[in-house]
Amino acid sequence: MKTPKQIERVCDYCGGKQKFKFRGNFEAEPESKFWYACQKCKHVVLISIEELNLQQNANAQKNYRVYSANETYEIGEIIYHEEWQDYGKVKKKEISSSGYNIIVVEFEKLGPKRLVESFKQ
Ligand SMILES: [Zn+2]
């Protein structure tokens with residue numbers, strides 16, 4: 001499993017939902033436990049692979065397509081950007097000034113982004 005670079009969970013130290021950044025694998029059990037640091041209070045906590053799997057399932061959308069510049073998308077469609085590890089909804093379609101087909105996507109974490117679609121080389 002690929003460990004996410006950043007997760008959101010409730011911090012036991014400062015309370016509330018915080019962003020946690022991946023810090024490394026737990027030395028004694030590198031395959032099943034991982035260090036994550038709270039971005040607010042900087043506390044480092046051990047997170048099990050079970051919790052990460054639950055997190056990923058909660059974030060996963062049922063019907064989505066992995067984004068690829070060669071494909072064509074519909075308004076309202078959910079896409080997943082592998083590099084950014086983020087889901088987004090197609091809001092608008094545009095043609096760029098240089099003639100490219102553009103989709104405007106509202107990403108869960110990154111907010112609105114413009115991506116090329118129907119790209120032909
Ligand atoms: Zn904290």
# chains A, B, ... in the order shown; residues from 1 in each chain; ligands from 1
call {"tool": "residues_near_ligand", "arguments": {"ligand": "ligand 1", "cutoff": "10 Å", "atoms": "only C-alpha atoms and all ligand atoms", "output": "list of chain:residue names"}}
result
A:Arg9, A:Val10, A:Cys11, A:Asp12, A:Tyr13, A:Cys14, A:Gly15, A:Gly16, A:Lys17, A:Gln18, A:Lys19, A:Phe20, A:Ala37, A:Cys38, A:Gln39, A:Lys40, A:Cys41, A:Lys42, A:His43, A:Val44, A:Val45
call {"tool": "write_last_selection", "arguments": {"atoms": "C-alpha atoms", "output": "PDB file, in the first residue's frame"}}
result
ATOM      1  CA  ARG A   9      -7.728  12.958  11.654  1.00  0.00           C
ATOM      2  CA  VAL A  10      -8.670  14.098  15.141  1.00  0.00           C
ATOM      3  CA  CYS A  11      -5.557  15.008  17.108  1.00  0.00           C
ATOM      4  CA  ASP A  12      -5.519  13.583  20.650  1.00  0.00           C
ATOM      5  CA  TYR A  13      -3.190  16.347  21.802  1.00  0.00           C
ATOM      6  CA  CYS A  14      -4.586  19.617  20.461  1.00  0.00           C
ATOM      7  CA  GLY A  15      -8.098  18.329  19.726  1.00  0.00           C
ATOM      8  CA  GLY A  16     -10.192  18.816  16.606  1.00  0.00           C
ATOM      9  CA  LYS A  17      -9.581  17.592  13.100  1.00  0.00           C
ATOM     10  CA  GLN A  18      -6.047  18.394  11.987  1.00  0.00           C
ATOM     11  CA  LYS A  19      -3.813  17.685   9.037  1.00  0.00           C
ATOM     12  CA  PHE A  20      -1.058  15.143   9.678  1.00  0.00           C
ATOM     13  CA  ALA A  37       2.955  14.569  12.694  1.00  0.00           C
ATOM     14  CA  CYS A  38       0.110  16.917  13.560  1.00  0.00           C
ATOM     15  CA  GLN A  39       0.581  20.127  11.576  1.00  0.00           C
ATOM     16  CA  LYS A  40      -0.870  22.232  14.382  1.00  0.00           C
ATOM     17  CA  CYS A  41       0.777  21.027  17.604  1.00  0.00           C
ATOM     18  CA  LYS A  42       3.614  19.057  15.924  1.00  0.00           C
ATOM     19  CA  HIS A  43       2.922  15.967  18.023  1.00  0.00           C
ATOM     20  CA  VAL A  44       4.024  12.791  16.263  1.00  0.00           C
ATOM     21  CA  VAL A  45       1.687   9.802  16.516  1.00  0.00           C
TER      22      VAL A  45
END
call {"tool": "residues_around", "arguments": {"residues": "stretch 93-100 of chain A", "least_positions_apart": "5", "cutoff": "9 Å", "atoms": "only C-alpha atoms", "output": "JSON, numbers by chain"}}
result
{"A": [73, 74, 75, 116, 117, 118, 119]}
call {"tool": "write_last_selection", "arguments": {"atoms": "N, CA and C atoms", "output": "PDB file, in the first residue's frame"}}
result
ATOM      1  N   TYR A  73     -14.113  14.417 -20.569  1.00  0.00           N
ATOM      2  CA  TYR A  73     -14.919  14.304 -19.350  1.00  0.00           C
ATOM      3  C   TYR A  73     -16.231  15.063 -19.483  1.00  0.00           C
ATOM      4  N   GLU A  74     -17.175  14.684 -18.624  1.00  0.00           N
ATOM      5  CA  GLU A  74     -18.491  15.332 -18.605  1.00  0.00           C
ATOM      6  C   GLU A  74     -18.571  16.249 -17.391  1.00  0.00           C
ATOM      7  N   ILE A  75     -19.365  17.301 -17.526  1.00  0.00           N
ATOM      8  CA  ILE A  75     -19.619  18.158 -16.365  1.00  0.00           C
ATOM      9  C   ILE A  75     -20.341  17.331 -15.295  1.00  0.00           C
ATOM     10  N   VAL A 116      -6.175  19.953 -18.788  1.00  0.00           N
ATOM     11  CA  VAL A 116      -6.393  19.727 -20.219  1.00  0.00           C
ATOM     12  C   VAL A 116      -7.186  18.433 -20.401  1.00  0.00           C
ATOM     13  N   GLU A 117      -8.117  18.422 -21.346  1.00  0.00           N
ATOM     14  CA  GLU A 117      -8.795  17.175 -21.721  1.00  0.00           C
ATOM     15  C   GLU A 117      -8.742  17.005 -23.228  1.00  0.00           C
ATOM     16  N   SER A 118      -9.123  15.827 -23.690  1.00  0.00           N
ATOM     17  CA  SER A 118      -9.161  15.502 -25.133  1.00  0.00           C
ATOM     18  C   SER A 118      -7.869  15.904 -25.844  1.00  0.00           C
ATOM     19  N   PHE A 119      -6.752  15.721 -25.156  1.00  0.00           N
ATOM     20  CA  PHE A 119      -5.474  16.164 -25.702  1.00  0.00           C
ATOM     21  C   PHE A 119      -4.979  15.186 -26.760  1.00  0.00           C
TER      22      PHE A 119
END
call {"tool": "select_by_dssp", "arguments": {"residues": "stretch 2-119 of chain A", "states": "strand (DSSP E or B)", "output": "VMD selection string"}}
result
chain A and resid 6 to 10 17 to 25 33 to 38 44 to 48 65 to 66 78 to 81 86 to 95 101 to 107 111 to 117
call {"tool": "atom_distance", "arguments": {"atom1": "atom CA of A:Lys2", "atom2": "atom CA of A:Val66"}}
result
16.4 Å
call {"tool": "closest_residue", "arguments": {"among": "A:Gln121, A:Gln6, A:Thr72, A:Gln55", "to": "A:Ile103", "atoms": "only C-alpha atoms"}}
result
A:Thr72
call {"tool": "residues_around", "arguments": {"residues": "A:Asn63", "least_positions_apart": "4", "cutoff": "10 Å", "atoms": "only C-alpha atoms", "output": "ChimeraX atom specification"}}
result
/A:77-80
call {"tool": "atom_distance", "arguments": {"atom1": "atom CA of A:Glu51", "atom2": "atom CA of A:Lys89"}}
result
25.9 Å
call {"tool": "residues_around", "arguments": {"residues": "A:Gln85", "least_positions_apart": "3", "cutoff": "12 Å", "atoms": "only C-alpha atoms", "output": "PDB file with N, CA and C atoms, in the first residue's frame"}}
result
ATOM      1  N   LYS A   2       0.435   2.247  -0.730  1.00  0.00           N
ATOM      2  CA  LYS A   2       1.131   3.531  -0.730  1.00  0.00           C
ATOM      3  C   LYS A   2       0.635   4.341   0.448  1.00  0.00           C
ATOM      4  N   THR A   3       1.543   4.817   1.277  1.00  0.00           N
ATOM      5  CA  THR A   3       1.108   5.613   2.421  1.00  0.00           C
ATOM      6  C   THR A   3       0.865   7.047   1.964  1.00  0.00           C
ATOM      7  N   PRO A   4      -0.300   7.599   2.321  1.00  0.00           N
ATOM      8  CA  PRO A   4      -0.579   8.980   1.922  1.00  0.00           C
ATOM      9  C   PRO A   4       0.386   9.959   2.584  1.00  0.00           C
ATOM     10  N   LYS A   5       0.763  11.001   1.845  1.00  0.00           N
ATOM     11  CA  LYS A   5       1.689  12.010   2.383  1.00  0.00           C
ATOM     12  C   LYS A   5       1.018  12.830   3.468  1.00  0.00           C
ATOM     13  N   GLN A   6      -0.298  12.985   3.328  1.00  0.00           N
ATOM     14  CA  GLN A   6      -1.020  13.791   4.316  1.00  0.00           C
ATOM     15  C   GLN A   6      -2.377  13.172   4.571  1.00  0.00           C
ATOM     16  N   ILE A   7      -2.781  13.141   5.826  1.00  0.00           N
ATOM     17  CA  ILE A   7      -4.116  12.659   6.172  1.00  0.00           C
ATOM     18  C   ILE A   7      -4.771  13.675   7.103  1.00  0.00           C
ATOM     19  N   GLN A  56      -8.791   5.923   3.643  1.00  0.00           N
ATOM     20  CA  GLN A  56      -8.826   5.914   2.183  1.00  0.00           C
ATOM     21  C   GLN A  56     -10.210   5.543   1.677  1.00  0.00           C
ATOM     22  N   ASN A  59     -12.537   8.419   1.900  1.00  0.00           N
ATOM     23  CA  ASN A  59     -12.309   9.452   0.889  1.00  0.00           C
ATOM     24  C   ASN A  59     -12.693   9.003  -0.511  1.00  0.00           C
ATOM     25  N   ALA A  60     -12.673   7.703  -0.732  1.00  0.00           N
ATOM     26  CA  ALA A  60     -12.863   7.211  -2.099  1.00  0.00           C
ATOM     27  C   ALA A  60     -14.284   7.476  -2.578  1.00  0.00           C
ATOM     28  N   VAL A  66      -9.787   7.975 -13.275  1.00  0.00           N
ATOM     29  CA  VAL A  66      -8.454   8.531 -13.056  1.00  0.00           C
ATOM     30  C   VAL A  66      -8.180   9.517 -14.185  1.00  0.00           C
ATOM     31  N   TYR A  67      -7.749  10.700 -13.801  1.00  0.00           N
ATOM     32  CA  TYR A  67      -7.545  11.752 -14.790  1.00  0.00           C
ATOM     33  C   TYR A  67      -6.419  11.403 -15.763  1.00  0.00           C
ATOM     34  N   ILE A  79     -13.400  12.918 -10.907  1.00  0.00           N
ATOM     35  CA  ILE A  79     -12.125  12.387 -11.383  1.00  0.00           C
ATOM     36  C   ILE A  79     -11.155  12.288 -10.213  1.00  0.00           C
ATOM     37  N   TYR A  80     -10.142  11.439 -10.398  1.00  0.00           N
ATOM     38  CA  TYR A  80      -9.102  11.296  -9.392  1.00  0.00           C
ATOM     39  C   TYR A  80      -7.767  11.621 -10.048  1.00  0.00           C
ATOM     40  N   HIS A  81      -7.031  12.546  -9.450  1.00  0.00           N
ATOM     41  CA  HIS A  81      -5.722  12.917  -9.973  1.00  0.00           C
ATOM     42  C   HIS A  81      -4.661  12.145  -9.196  1.00  0.00           C
ATOM     43  N   GLU A  82      -4.010  11.196  -9.881  1.00  0.00           N
ATOM     44  CA  GLU A  82      -3.087  10.285  -9.185  1.00  0.00           C
ATOM     45  C   GLU A  82      -1.894  11.007  -8.576  1.00  0.00           C
ATOM     46  N   GLY A  88     -11.849  15.226  -7.513  1.00  0.00           N
ATOM     47  CA  GLY A  88     -12.463  16.492  -7.884  1.00  0.00           C
ATOM     48  C   GLY A  88     -13.662  16.280  -8.787  1.00  0.00           C
ATOM     49  N   PHE A 107     -11.337  20.435  -6.753  1.00  0.00           N
ATOM     50  CA  PHE A 107     -10.744  19.335  -6.000  1.00  0.00           C
ATOM     51  C   PHE A 107     -11.058  19.459  -4.515  1.00  0.00           C
ATOM     52  N   GLU A 108     -11.153  18.288  -3.862  1.00  0.00           N
ATOM     53  CA  GLU A 108     -11.497  18.267  -2.435  1.00  0.00           C
ATOM     54  C   GLU A 108     -10.452  19.001  -1.607  1.00  0.00           C
ATOM     55  N   LYS A 109      -9.186  18.735  -1.887  1.00  0.00           N
ATOM     56  CA  LYS A 109      -8.132  19.319  -1.068  1.00  0.00           C
ATOM     57  C   LYS A 109      -7.528  20.557  -1.714  1.00  0.00           C
ATOM     58  N   LEU A 110      -7.369  20.516  -3.024  1.00  0.00           N
ATOM     59  CA  LEU A 110      -6.609  21.576  -3.707  1.00  0.00           C
ATOM     60  C   LEU A 110      -7.467  22.719  -4.213  1.00  0.00           C
TER      61      LEU A 110
END
call {"tool": "residues_around", "arguments": {"residues": "A:Phe26", "least_positions_apart": "5", "cutoff": "8 Å", "atoms": "only C-alpha atoms", "output": "number ranges by chain"}}
result
A: 31-35, 46
call {"tool": "write_last_selection", "arguments": {"atoms": "N, CA and C atoms", "output": "CSV table (one decimal), in the first residue's frame"}}
result
chain,number,residue,atom,x,y,z
A,31,GLU,N,5.9,-2.2,8.0
A,31,GLU,CA,4.8,-2.5,7.0
A,31,GLU,C,3.4,-2.1,7.5
A,32,SER,N,3.3,-2.0,8.9
A,32,SER,CA,1.9,-1.8,9.4
A,32,SER,C,1.7,-0.6,10.3
A,33,LYS,N,2.8,0.1,10.6
A,33,LYS,CA,2.6,1.3,11.4
A,33,LYS,C,3.5,2.4,10.9
A,34,PHE,N,2.9,3.6,11.0
A,34,PHE,CA,3.6,4.8,10.4
A,34,PHE,C,3.5,6.0,11.3
A,35,TRP,N,4.6,6.8,11.2
A,35,TRP,CA,4.6,8.0,12.0
A,35,TRP,C,4.0,9.2,11.2
A,46,LEU,N,1.7,7.4,16.1
A,46,LEU,CA,1.8,6.2,15.3
A,46,LEU,C,0.4,5.9,14.8
call {"tool": "closest_residue", "arguments": {"among": "A:Glu71, A:Glu8, A:Glu106, A:Asp86", "to": "A:Tyr36", "atoms": "only C-alpha atoms"}}
result
A:Glu8
call {"tool": "select_by_dssp", "arguments": {"residues": "stretch 4-117 of chain A", "states": "alpha helix (DSSP H)", "output": "CSV table (one decimal) with N, CA and C atoms, in the first residue's frame"}}
result
chain,number,residue,atom,x,y,z
A,49,ILE,N,-2.0,0.7,9.8
A,49,ILE,CA,-2.4,0.5,8.4
A,49,ILE,C,-3.9,0.4,8.4
A,50,GLU,N,-4.6,-0.2,9.4
A,50,GLU,CA,-6.0,-0.3,9.4
A,50,GLU,C,-6.7,1.1,9.4
A,51,GLU,N,-6.1,2.0,10.2
A,51,GLU,CA,-6.7,3.4,10.2
A,51,GLU,C,-6.5,4.0,8.8
A,52,LEU,N,-5.3,3.8,8.2
A,52,LEU,CA,-5.1,4.4,6.9
A,52,LEU,C,-6.1,3.9,5.9
A,53,ASN,N,-6.3,2.6,5.9
A,53,ASN,CA,-7.3,2.0,5.0
A,53,ASN,C,-8.7,2.5,5.2
A,54,LEU,N,-9.1,2.7,6.4
A,54,LEU,CA,-10.4,3.3,6.7
A,54,LEU,C,-10.5,4.7,6.1
A,55,GLN,N,-9.4,5.4,6.3
A,55,GLN,CA,-9.3,6.8,5.8
A,55,GLN,C,-9.5,6.8,4.3
A,56,GLN,N,-8.8,5.9,3.6
A,56,GLN,CA,-8.8,5.9,2.2
A,56,GLN,C,-10.2,5.5,1.7
A,57,ASN,N,-10.8,4.6,2.4
A,57,ASN,CA,-12.2,4.2,1.9
A,57,ASN,C,-13.2,5.3,2.1
A,58,ALA,N,-13.0,6.1,3.2
A,58,ALA,CA,-13.9,7.2,3.5
A,58,ALA,C,-13.8,8.2,2.4
A,59,ASN,N,-12.5,8.4,1.9
A,59,ASN,CA,-12.3,9.5,0.9
A,59,ASN,C,-12.7,9.0,-0.5
